[in-house]
file upload.pdb (PDB, C-alpha atoms)
MODEL        1
ATOM      1  CA  MET A   1       0.000   0.000   0.000
ATOM      2  CA  ALA A   2       1.747   3.123  -1.190
ATOM      3  CA  LEU A   3       1.128   6.353   0.664
ATOM      4  CA  THR A   4       0.855   9.684  -1.068
ATOM      5  CA  ILE A   5       2.693  12.860  -0.134
ATOM      6  CA  LYS A   6      -0.659  14.353   0.922
ATOM      7  CA  GLU A   7      -1.171  11.514   3.436
ATOM      8  CA  VAL A   8       2.333  12.022   4.816
ATOM      9  CA  GLU A   9       1.624  15.742   5.121
ATOM     10  CA  ASP A  10      -1.575  14.958   7.040
ATOM     11  CA  ILE A  11       0.322  12.630   9.388
ATOM     12  CA  ALA A  12       3.055  15.236   9.879
ATOM     13  CA  PHE A  13       0.434  17.902  10.596
ATOM     14  CA  ALA A  14      -1.234  15.703  13.227
ATOM     15  CA  ALA A  15       2.169  15.026  14.801
ATOM     16  CA  ARG A  16       3.087  18.729  14.626
ATOM     17  CA  LEU A  17       6.125  18.034  12.431
ATOM     18  CA  ASN A  18       7.575  20.421   9.904
ATOM     19  CA  LEU A  19       9.007  18.302   7.107
ATOM     20  CA  THR A  20      11.013  19.360   4.104
ATOM     21  CA  GLU A  21      10.053  18.112   0.660
ATOM     22  CA  GLU A  22      12.911  15.613   0.721
ATOM     23  CA  GLU A  23      11.843  14.308   4.143
ATOM     24  CA  LYS A  24       8.275  13.895   2.860
ATOM     25  CA  LYS A  25       9.517  11.796  -0.059
ATOM     26  CA  ASP A  26      11.651   9.685   2.314
ATOM     27  CA  PHE A  27       8.709   9.149   4.643
ATOM     28  CA  VAL A  28       6.443   8.161   1.743
ATOM     29  CA  GLN A  29       8.854   5.339   0.929
ATOM     30  CA  GLN A  30       9.551   4.321   4.529
ATOM     31  CA  LEU A  31       5.946   4.358   5.705
ATOM     32  CA  SER A  32       4.812   2.514   2.573
ATOM     33  CA  LEU A  33       7.354  -0.235   3.304
ATOM     34  CA  ILE A  34       6.114  -0.497   6.886
ATOM     35  CA  LEU A  35       2.481  -0.765   5.760
ATOM     36  CA  ASP A  36       3.373  -3.380   3.135
ATOM     37  CA  TYR A  37       5.184  -5.399   5.776
ATOM     38  CA  THR A  38       2.254  -5.272   8.191
ATOM     39  CA  ASN A  39      -0.131  -6.272   5.381
ATOM     40  CA  CYS A  40       1.699  -9.618   5.264
ATOM     41  CA  LEU A  41      -0.194 -10.465   8.458
ATOM     42  CA  ASN A  42      -3.451 -10.439   6.496
ATOM     43  CA  GLU A  43      -2.189 -13.425   4.506
ATOM     44  CA  LEU A  44      -1.959 -15.639   7.599
ATOM     45  CA  ASP A  45      -4.695 -18.192   8.249
ATOM     46  CA  THR A  46      -6.060 -17.365  11.697
ATOM     47  CA  ASP A  47      -9.378 -19.216  11.503
ATOM     48  CA  ASN A  48      -8.447 -21.822  14.123
ATOM     49  CA  ILE A  49      -6.474 -19.474  16.364
ATOM     50  CA  GLU A  50      -8.087 -18.563  19.664
ATOM     51  CA  PRO A  51      -7.717 -14.883  20.642
ATOM     52  CA  LEU A  52      -5.001 -14.307  23.217
ATOM     53  CA  ILE A  53      -5.721 -11.966  26.086
ATOM     54  CA  TYR A  54      -2.616 -12.591  28.199
ATOM     55  CA  ILE A  55       0.717 -14.129  27.261
ATOM     56  CA  LEU A  56       1.251 -15.691  30.686
ATOM     57  CA  PRO A  57      -1.311 -17.702  32.629
ATOM     58  CA  VAL A  58      -3.352 -15.479  34.916
ATOM     59  CA  TYR A  59      -4.720 -16.712  38.193
ATOM     60  CA  ASN A  60      -5.929 -15.221  41.453
ATOM     61  CA  VAL A  61      -3.059 -14.735  43.900
ATOM     62  CA  PHE A  62      -5.146 -13.438  46.783
ATOM     63  CA  ARG A  63      -5.343 -15.318  50.036
ATOM     64  CA  ASP A  64      -8.592 -16.778  51.305
ATOM     65  CA  ASP A  65     -10.656 -14.552  53.574
ATOM     66  CA  VAL A  66     -10.362 -15.809  57.116
ATOM     67  CA  ILE A  67     -12.340 -14.324  59.967
ATOM     68  CA  CYS A  68     -10.108 -13.614  62.942
ATOM     69  CA  PRO A  69     -10.361 -11.323  65.938
ATOM     70  CA  SER A  70      -9.066  -7.806  65.445
ATOM     71  CA  SER A  71      -6.635  -6.030  67.724
ATOM     72  CA  PRO A  72      -8.133  -4.703  70.945
ATOM     73  CA  ARG A  73      -9.369  -1.130  70.591
ATOM     74  CA  ASP A  74      -7.711   0.034  73.807
ATOM     75  CA  GLY A  75      -4.337  -1.237  72.609
ATOM     76  CA  ILE A  76      -4.643   0.594  69.289
ATOM     77  CA  MET A  77      -5.917   3.802  70.851
ATOM     78  CA  SER A  78      -3.125   3.854  73.424
ATOM     79  CA  GLY A  79      -0.671   4.827  70.678
ATOM     80  CA  GLY A  80      -2.302   8.217  70.116
ATOM     81  CA  PRO A  81      -1.068  11.411  71.756
ATOM     82  CA  LEU A  82      -4.444  12.598  73.102
ATOM     83  CA  LEU A  83      -7.692  10.669  73.511
ATOM     84  CA  GLU A  84     -11.161  11.935  74.270
ATOM     85  CA  ASP A  85     -14.342   9.824  74.448
ATOM     86  CA  GLY A  86     -12.625   6.884  72.743
ATOM     87  CA  GLN A  87     -11.410   8.969  69.784
ATOM     88  CA  TYR A  88      -8.171  10.683  68.857
ATOM     89  CA  LYS A  89      -8.252  14.396  69.624
ATOM     90  CA  VAL A  90      -6.412  16.565  67.114
ATOM     91  CA  PRO A  91      -5.967  20.323  66.862
ATOM     92  CA  LYS A  92      -8.511  22.285  64.860
ATOM     93  CA  ILE A  93      -7.141  23.119  61.409
ATOM     94  CA  ILE A  94      -9.661  25.668  60.129
TER      95      ILE A  94
ENDMDL
END
call {"tool": "encode", "arguments": {"input": "upload.pdb", "output": "structure tokens"}}
result
Amino acid sequence: MALTIKEVEDIAFAARLNLTEEEKKDFVQQLSLILDYTNCLNELDTDNIEPLIYILPVYNVFRDDVICPSSPRDGIMSGGPLLEDGQYKVPKII
């Protein structure tokens, strides 16, 4: 699939590139070669190929949920600098 200079100019405009006339001609050739190469993929028979989502096997690595007692509230609250009515007391910001 050969690109035209107009298509290269449109691509350059979208990419905010200022190309010289010689660069445009070079890109026409280079981008056309890239598109021709990628079109080779259309020739492959993929009818019996299952779509691939992940390359590596994916499985759940989380641990099972186990109910266990939590830490005692008094022990956790004892680490705070100032307590009032079972809550941390902090200075007013606003």
call {"tool": "axis_aligned_box", "arguments": {"input": "upload.pdb", "around": "region 74-78 of chain A", "padding_each_side": "6 Å", "output": "JSON"}}
result
{"center_x": -5.4, "center_y": 1.3, "center_z": 71.5, "size_x": 16.6, "size_y": 17.1, "size_z": 16.5}
call {"tool": "atom_distance", "arguments": {"input": "upload.pdb", "atom1": "CA of Tyr88 (chain A)", "atom2": "CA of Gly75 (chain A)"}}
result
13.1 Å
call {"tool": "residues_around", "arguments": {"input": "upload.pdb", "residues": "Gly86 (chain A)", "least_positions_apart": "5", "cutoff": "9 Å", "atoms": "all atoms listed in the file", "output": "list in words"}}
result
Arg73, Asp74 and Met77 of chain A
call {"tool": "write_last_selection", "arguments": {"input": "upload.pdb", "atoms": "C-alpha atoms", "output": "compact mmCIF listing (two decimals), in the frame of the given file"}}
result
# COMPACT_ATOMS: atom_id res chain seq x y z
CA ARG A 73 -9.37 -1.13 70.59
CA ASP A 74 -7.71 0.03 73.81
CA MET A 77 -5.92 3.80 70.85
call {"tool": "resolve_selection", "arguments": {"input": "upload.pdb", "expression": "the PyMOL selection byres ((chain A and resi 21) around 12)", "output": "ChimeraX atom specification"}}
result
/A:5-6,8-9,12,18-20,22-28
call {"tool": "closest_residue", "arguments": {"input": "upload.pdb", "among": "A:Pro81, A:Pro57, A:Ala2, A:Leu17", "to": "Gln30 (chain A)", "atoms": "all atoms listed in the file"}}
result
A:Ala2
call {"tool": "atom_distance", "arguments": {"input": "upload.pdb", "atom1": "CA of Ser32 (chain A)", "atom2": "CA of Asp10 (chain A)"}}
result
14.7 Å
call {"tool": "atom_distance", "arguments": {"input": "upload.pdb", "atom1": "CA of Asn39 (chain A)", "atom2": "CA of Ile11 (chain A)"}}
result
19.3 Å
